[in-house]
2 protein chains.
Amino acid sequence: MRVVELSGGVGGARMARGLAALDGIDLTVVVNVGDDEWFHGLRVCADIDTVLYTLAGIEGPEGWGRRDDTFAFNEELARYGVDNRFRIGDRDLALIVTRTARLAAGEPLSQINADLAKKLEITATVLPATDDELRTEVRLDDGWVSFQEYFVLRRNQDEVREVAYRGAGEARPAPGVIEAIRSADLVVIAPSNPPLSVWPILAVPGMRDAVAQHPRVVAVSPLFGGKALKGPAHRIMASLGLPPGNQGVAEAYAGLIDLLVVDGGDAAEPVEGVEVLATDTRIKDPEDAARLARELVAL
Amino acid sequence: MRVVELSGGVGGARMARGLAALDGIDLTVVVNVGDDEWFHGLRVCADIDTVLYTLAGIEGPEGWGRRDDTFAFNEELARYGVDNRFRIGDRDLALIVTRTARLAAGEPLSQINADLAKKLEITATVLPATDDELRTEVRLDDGWVSFQEYFVLRRNQDEVREVAYRGAGEARPAPGVIEAIRSADLVVIAPSNPPLSVWPILAVPGMRDAVAQHPRVVAVSPLFGGKALKGPAHRIMASLGLPPGNQGVAEAYAGLIDLLVVDGGDAAEPVEGVEVLATDTRIKDPEDAARLARELVAL
């Protein structure tokens, strides 16, 4: 069975691990690149790395970065007056430096990732939404900033007034992405932040149509009792005019999904315009992920 | 008193620390850049970093790299199939990444170094011989390779048949270098490898003339009983046709120096064509360096 997952960072990565653990599943994870950023001249692909590390089973304790990492490099940057609030671990840096050098040599992101995934002994296919530069920016009360500036440097405290995906209009889907969606038996939209993690994937020309035309698209809601477990998804959705709770998730994916999977705790919440399935969507460990994945593919 | 030192790596850095420790000395260290190399898309300035770290008192136990460094990054590179035989420490990487990012932004090497030296609270002026790319290559029996390939990756086991300083013809001295030499009361050629560390400095157009015209140039021999304490200096000098021992050092700097300082153990060795002074030139610690420096400036 062929499954495509559209994924942001931690939530999507954990969902991907669940799908990858199932027998007989040919999994392609299409990952958001809107959060990718240059730090100190190095290309950091935040969501892709979270997916790679999680699928390899070497992700950090909070879900991002590398397990057992150290921060000597990051600490030392301060000595040279370099802003080091975006913390990059010493082991994480090996992947980041390797990718940056290969990008500088002209290799496309998708090809580099395919090789990194192979080196990490990952069997799933991990594709960036696009090889082109696509940059998610948010308008705060004092102007437009990048996702990482808003999310990490300002600790997502500000109100988001507007979201833009710079470069999306000229971006092309990475090789294999559209084909994977077309030939998939199931498309899963991960329990990621809809406006910040999934919309930038859908903003790549051709992507929204491919998903809309697919006969079996299931979204897993990132909300529990109307709020994201972590992060500002519910606040941003409200700011952007979406209704609260899972109705907002349904509307974020209007015209795209055939089923919305919500948490059992929210089973009684009325959601209009889409079929809803309630189950335990909380992913605390790989076993939770595998159980949820099993339910999705059994639908 | 104004002193200019022409310096390679460890030996020159230790000499510089001795000179910098003296009262009333305005020190400018002009550092070889021929050993600079790109690793993983990062610019490694081997000799400059050794000089910076040593002057800041944070150099590694062997004289190069950072004290108390860790190698998580370097170790992790192997996971991605990257050649990591040139070991870069995690703390060392902070300086390397900072410099690479600033070079990529178009800032000249000399300006970046001046700022890094300031951040490291170094009072001496540390200048690269040139802001342009100048690359020392050596011809081995199987062809031309870079200095780092020969020295680190092949552990300087091969016979060096020829030395070339690629790009030297078009290089310009870094801003301030010629002025510093002209206005110096004393020019010291460090106990560095003549063909591999000092000649590439002298290969920058204008440099050899500035040194030759200076009335007080003193070279400290890197040899002890005809051999370098570490490294292949004596073997390379022989390969390039220089006579053995301190006569070879004198000829390596023919027409440039007014005095050759040799180790006390070599006082009886006959050297023709230049005045010779024998003293204890072994630098084991900062105190040795300061004592030798005091003798040089007292001449």
# chains A, B, ... in the order shown; residues from 1 in each chain; ligands from 1
>>> closest_atom_pairs(of="chain B", to="chain A", cutoff="8 Å", atoms="only C-alpha atoms", output="CSV")
residue,atom,partner,partner_atom,distance
B:His40,CA,A:Ala101,CA,5.6
B:Gly41,CA,A:Ala101,CA,4.8
B:Thr70,CA,A:Ala72,CA,7.6
B:Ala72,CA,A:Arg91,CA,5.6
B:Phe73,CA,A:Arg91,CA,4.8
B:Asn74,CA,A:Ala94,CA,7.1
B:Glu76,CA,A:Arg91,CA,5.8
B:Leu77,CA,A:Ala94,CA,5.2
B:Arg79,CA,A:Lys119,CA,6.6
B:Tyr80,CA,A:Lys119,CA,5.7
B:Gly81,CA,A:Lys119,CA,7.4
B:Val82,CA,A:Thr98,CA,7.6
B:Asp90,CA,A:Phe73,CA,5.0
B:Arg91,CA,A:Phe73,CA,4.8
B:Asp92,CA,A:Phe73,CA,7.6
B:Leu93,CA,A:Phe73,CA,6.3
B:Ala94,CA,A:Leu77,CA,5.2
B:Leu95,CA,A:Leu77,CA,7.2
B:Val97,CA,A:His40,CA,6.6
B:Thr98,CA,A:His40,CA,6.4
B:Thr100,CA,A:Gly41,CA,7.5
B:Ala101,CA,A:Gly41,CA,4.8
B:Ala104,CA,A:Gly41,CA,7.7
B:Leu116,CA,A:Tyr80,CA,6.4
B:Lys119,CA,A:Tyr80,CA,5.7
B:Leu120,CA,A:Arg79,CA,7.4
>>> select_by_dssp(residues="range 63-251 of chain B", states="strand (DSSP E or B)", output="count of residues only")
34
>>> select_by_dssp(residues="range 222-287 of chain A", states="helix (DSSP H, G or I)", output="mmCIF file with C-alpha atoms, in the first residue's frame")
data_model
loop_
_atom_site.group_PDB
_atom_site.id
_atom_site.type_symbol
_atom_site.label_atom_id
_atom_site.label_comp_id
_atom_site.auth_asym_id
_atom_site.auth_seq_id
_atom_site.Cartn_x
_atom_site.Cartn_y
_atom_site.Cartn_z
ATOM 1 C CA ALA A 233 -1.333 26.589 15.939
ATOM 2 C CA HIS A 234 -4.698 27.424 17.548
ATOM 3 C CA ARG A 235 -3.769 31.060 18.124
ATOM 4 C CA ILE A 236 -2.548 31.512 14.562
ATOM 5 C CA MET A 237 -5.636 29.785 13.139
ATOM 6 C CA ALA A 238 -7.846 32.169 15.137
ATOM 7 C CA SER A 239 -5.830 35.192 13.992
ATOM 8 C CA GLY A 245 -11.400 23.875 17.351
ATOM 9 C CA ASN A 246 -11.566 21.125 14.781
ATOM 10 C CA GLN A 247 -14.005 23.107 12.672
ATOM 11 C CA GLY A 248 -11.039 25.377 11.992
ATOM 12 C CA VAL A 249 -8.882 22.422 10.936
ATOM 13 C CA ALA A 250 -11.679 21.186 8.651
ATOM 14 C CA GLU A 251 -11.889 24.625 7.044
ATOM 15 C CA ALA A 252 -8.109 24.918 6.768
ATOM 16 C CA GLY A 264 -11.202 10.880 21.259
ATOM 17 C CA GLY A 265 -11.481 13.651 23.850
ATOM 18 C CA ASP A 266 -12.991 15.871 21.154
ATOM 19 C CA PRO A 286 6.601 5.095 18.648
ATOM 20 C CA GLU A 287 3.937 2.583 19.785
#
>>> closest_residue(among="A:Asn32, A:Asn113, A:Gln148, A:Ser7", to="Phe86 in chain A", atoms="only C-alpha atoms")
A:Gln148
>>> atom_distance(atom1="CA of Gly176 in chain A", atom2="CA of Gly24 in chain A")
20.3 Å
>>> atom_distance(atom1="CA of Asp36 in chain B", atom2="CA of Arg135 in chain B")
7.1 Å
>>> residues_around(residues="Val10 in chain B", least_positions_apart="3", cutoff="10 Å", atoms="only C-alpha atoms", output="PyMOL selection string")
chain B and resi 7+13-16+46-51+54+59+62-64+190-192+230
>>> write_last_selection(atoms="all heavy atoms", output="tab-separated table (two decimals), in the first residue's frame")
chain	number	residue	atom	x	y	z
B	7	SER	N	55.06	34.81	10.28
B	7	SER	CA	54.78	33.60	11.04
B	7	SER	C	54.03	32.53	10.27
B	7	SER	O	53.11	32.81	9.51
B	7	SER	CB	53.94	34.00	12.28
B	7	SER	OG	53.52	32.86	12.99
B	13	ALA	N	53.45	31.02	16.23
B	13	ALA	CA	52.45	31.45	17.20
B	13	ALA	C	53.08	31.55	18.59
B	13	ALA	O	52.83	32.51	19.34
B	13	ALA	CB	51.27	30.48	17.22
B	14	ARG	N	53.93	30.58	18.93
B	14	ARG	CA	54.57	30.60	20.24
B	14	ARG	C	55.56	31.75	20.35
B	14	ARG	O	55.66	32.41	21.37
B	14	ARG	CB	55.26	29.26	20.48
B	14	ARG	CG	54.23	28.17	20.72
B	14	ARG	CD	54.86	26.81	20.94
B	14	ARG	NE	53.81	25.86	21.31
B	14	ARG	CZ	53.98	24.54	21.38
B	14	ARG	NH1	55.16	24.02	21.13
B	14	ARG	NH2	52.98	23.76	21.73
B	15	MET	N	56.28	32.02	19.25
B	15	MET	CA	57.19	33.16	19.21
B	15	MET	C	56.40	34.47	19.39
B	15	MET	O	56.81	35.36	20.12
B	15	MET	CB	57.90	33.13	17.85
B	15	MET	CG	58.92	34.22	17.61
B	15	MET	SD	60.50	33.88	18.42
B	15	MET	CE	60.39	34.97	19.84
B	16	ALA	N	55.25	34.53	18.71
B	16	ALA	CA	54.40	35.73	18.80
B	16	ALA	C	53.93	35.96	20.23
B	16	ALA	O	53.89	37.10	20.71
B	16	ALA	CB	53.19	35.60	17.86
B	46	ALA	N	44.48	27.70	8.77
B	46	ALA	CA	45.21	26.91	9.77
B	46	ALA	C	46.18	27.77	10.60
B	46	ALA	O	46.14	27.74	11.83
B	46	ALA	CB	45.93	25.77	9.07
B	47	ASP	N	47.05	28.50	9.92
B	47	ASP	CA	48.08	29.24	10.66
B	47	ASP	C	47.50	30.43	11.41
B	47	ASP	O	47.89	30.71	12.55
B	47	ASP	CB	49.19	29.68	9.70
B	47	ASP	CG	50.06	28.50	9.27
B	47	ASP	OD1	49.90	27.40	9.83
B	47	ASP	OD2	50.91	28.68	8.37
B	48	ILE	N	46.58	31.14	10.78
B	48	ILE	CA	45.99	32.31	11.45
B	48	ILE	C	45.29	31.87	12.74
B	48	ILE	O	45.43	32.50	13.79
B	48	ILE	CB	44.98	33.02	10.52
B	48	ILE	CG1	45.74	33.73	9.40
B	48	ILE	CG2	44.12	34.01	11.30
B	48	ILE	CD1	44.85	34.27	8.29
B	49	ASP	N	44.55	30.77	12.67
B	49	ASP	CA	43.82	30.34	13.86
B	49	ASP	C	44.78	29.91	14.96
B	49	ASP	O	44.54	30.18	16.14
B	49	ASP	CB	42.86	29.21	13.51
B	49	ASP	CG	41.71	29.75	12.66
B	49	ASP	OD1	41.62	30.98	12.51
B	49	ASP	OD2	40.93	28.95	12.14
B	50	THR	N	45.86	29.26	14.57
B	50	THR	CA	46.86	28.87	15.57
B	50	THR	C	47.43	30.11	16.25
B	50	THR	O	47.59	30.14	17.47
B	50	THR	CB	47.97	28.04	14.90
B	50	THR	OG1	47.38	26.84	14.39
B	50	THR	CG2	49.07	27.67	15.88
B	51	VAL	N	47.70	31.14	15.46
B	51	VAL	CA	48.24	32.38	16.03
B	51	VAL	C	47.19	33.05	16.93
B	51	VAL	O	47.48	33.46	18.06
B	51	VAL	CB	48.70	33.34	14.90
B	51	VAL	CG1	49.01	34.73	15.46
B	51	VAL	CG2	49.93	32.77	14.19
B	54	THR	N	46.67	30.97	20.13
B	54	THR	CA	47.85	31.01	21.01
B	54	THR	C	47.97	32.37	21.69
B	54	THR	O	48.23	32.46	22.89
B	54	THR	CB	49.13	30.68	20.21
B	54	THR	OG1	48.97	29.41	19.59
B	54	THR	CG2	50.36	30.65	21.11
B	59	GLU	N	44.86	27.90	22.98
B	59	GLU	CA	45.24	26.93	21.95
B	59	GLU	C	45.21	25.50	22.49
B	59	GLU	O	45.28	25.27	23.69
B	59	GLU	CB	46.63	27.26	21.40
B	59	GLU	CG	47.80	26.79	22.25
B	59	GLU	CD	48.08	27.65	23.47
B	59	GLU	OE1	47.29	28.58	23.78
B	59	GLU	OE2	49.10	27.39	24.14
B	62	GLU	N	48.44	20.41	21.43
B	62	GLU	CA	49.54	20.23	20.48
B	62	GLU	C	49.96	21.55	19.85
B	62	GLU	O	50.83	21.57	18.97
B	62	GLU	CB	49.11	19.28	19.34
B	62	GLU	CG	48.56	17.95	19.78
B	62	GLU	CD	49.66	17.01	20.27
B	62	GLU	OE1	50.74	17.04	19.67
B	62	GLU	OE2	49.41	16.27	21.25
B	63	GLY	N	49.30	22.62	20.24
B	63	GLY	CA	49.65	23.93	19.70
B	63	GLY	C	48.64	24.46	18.70
B	63	GLY	O	48.51	25.65	18.51
B	64	TRP	N	47.90	23.55	18.05
B	64	TRP	CA	46.88	23.99	17.09
B	64	TRP	C	45.50	23.66	17.64
B	64	TRP	O	45.37	22.86	18.57
B	64	TRP	CB	47.10	23.31	15.72
B	64	TRP	CG	47.32	21.84	15.82
B	64	TRP	CD1	48.52	21.19	15.89
B	64	TRP	CD2	46.31	20.83	15.92
B	64	TRP	NE1	48.32	19.85	16.02
B	64	TRP	CE2	46.98	19.60	16.04
B	64	TRP	CE3	44.91	20.86	15.93
B	64	TRP	CZ2	46.29	18.38	16.16
B	64	TRP	CZ3	44.23	19.65	16.05
B	64	TRP	CH2	44.92	18.44	16.16
B	190	ALA	N	59.87	34.01	12.03
B	190	ALA	CA	59.62	33.04	13.09
B	190	ALA	C	60.31	31.70	12.82
B	190	ALA	O	60.67	31.40	11.67
B	190	ALA	CB	58.11	32.81	13.22
B	191	PRO	N	60.49	30.89	13.87
B	191	PRO	CA	61.04	29.54	13.67
B	191	PRO	C	60.02	28.63	13.03
B	191	PRO	O	59.56	27.64	13.62
B	191	PRO	CB	61.40	29.10	15.10
B	191	PRO	CG	60.48	29.87	15.98
B	191	PRO	CD	60.26	31.19	15.28
B	192	SER	N	59.62	28.99	11.82
B	192	SER	CA	58.62	28.23	11.05
B	192	SER	C	59.35	27.53	9.90
B	192	SER	O	60.52	27.78	9.65
B	192	SER	CB	57.54	29.17	10.52
B	192	SER	OG	56.84	29.79	11.59
B	230	LYS	N	59.32	19.23	15.14
B	230	LYS	CA	58.19	18.48	14.59
B	230	LYS	C	58.14	18.80	13.11
B	230	LYS	O	58.60	19.85	12.69
B	230	LYS	CB	56.88	18.97	15.21
B	230	LYS	CG	56.53	18.30	16.51
B	230	LYS	CD	55.11	18.67	16.91
B	230	LYS	CE	54.76	18.05	18.25
B	230	LYS	NZ	53.41	18.42	18.68
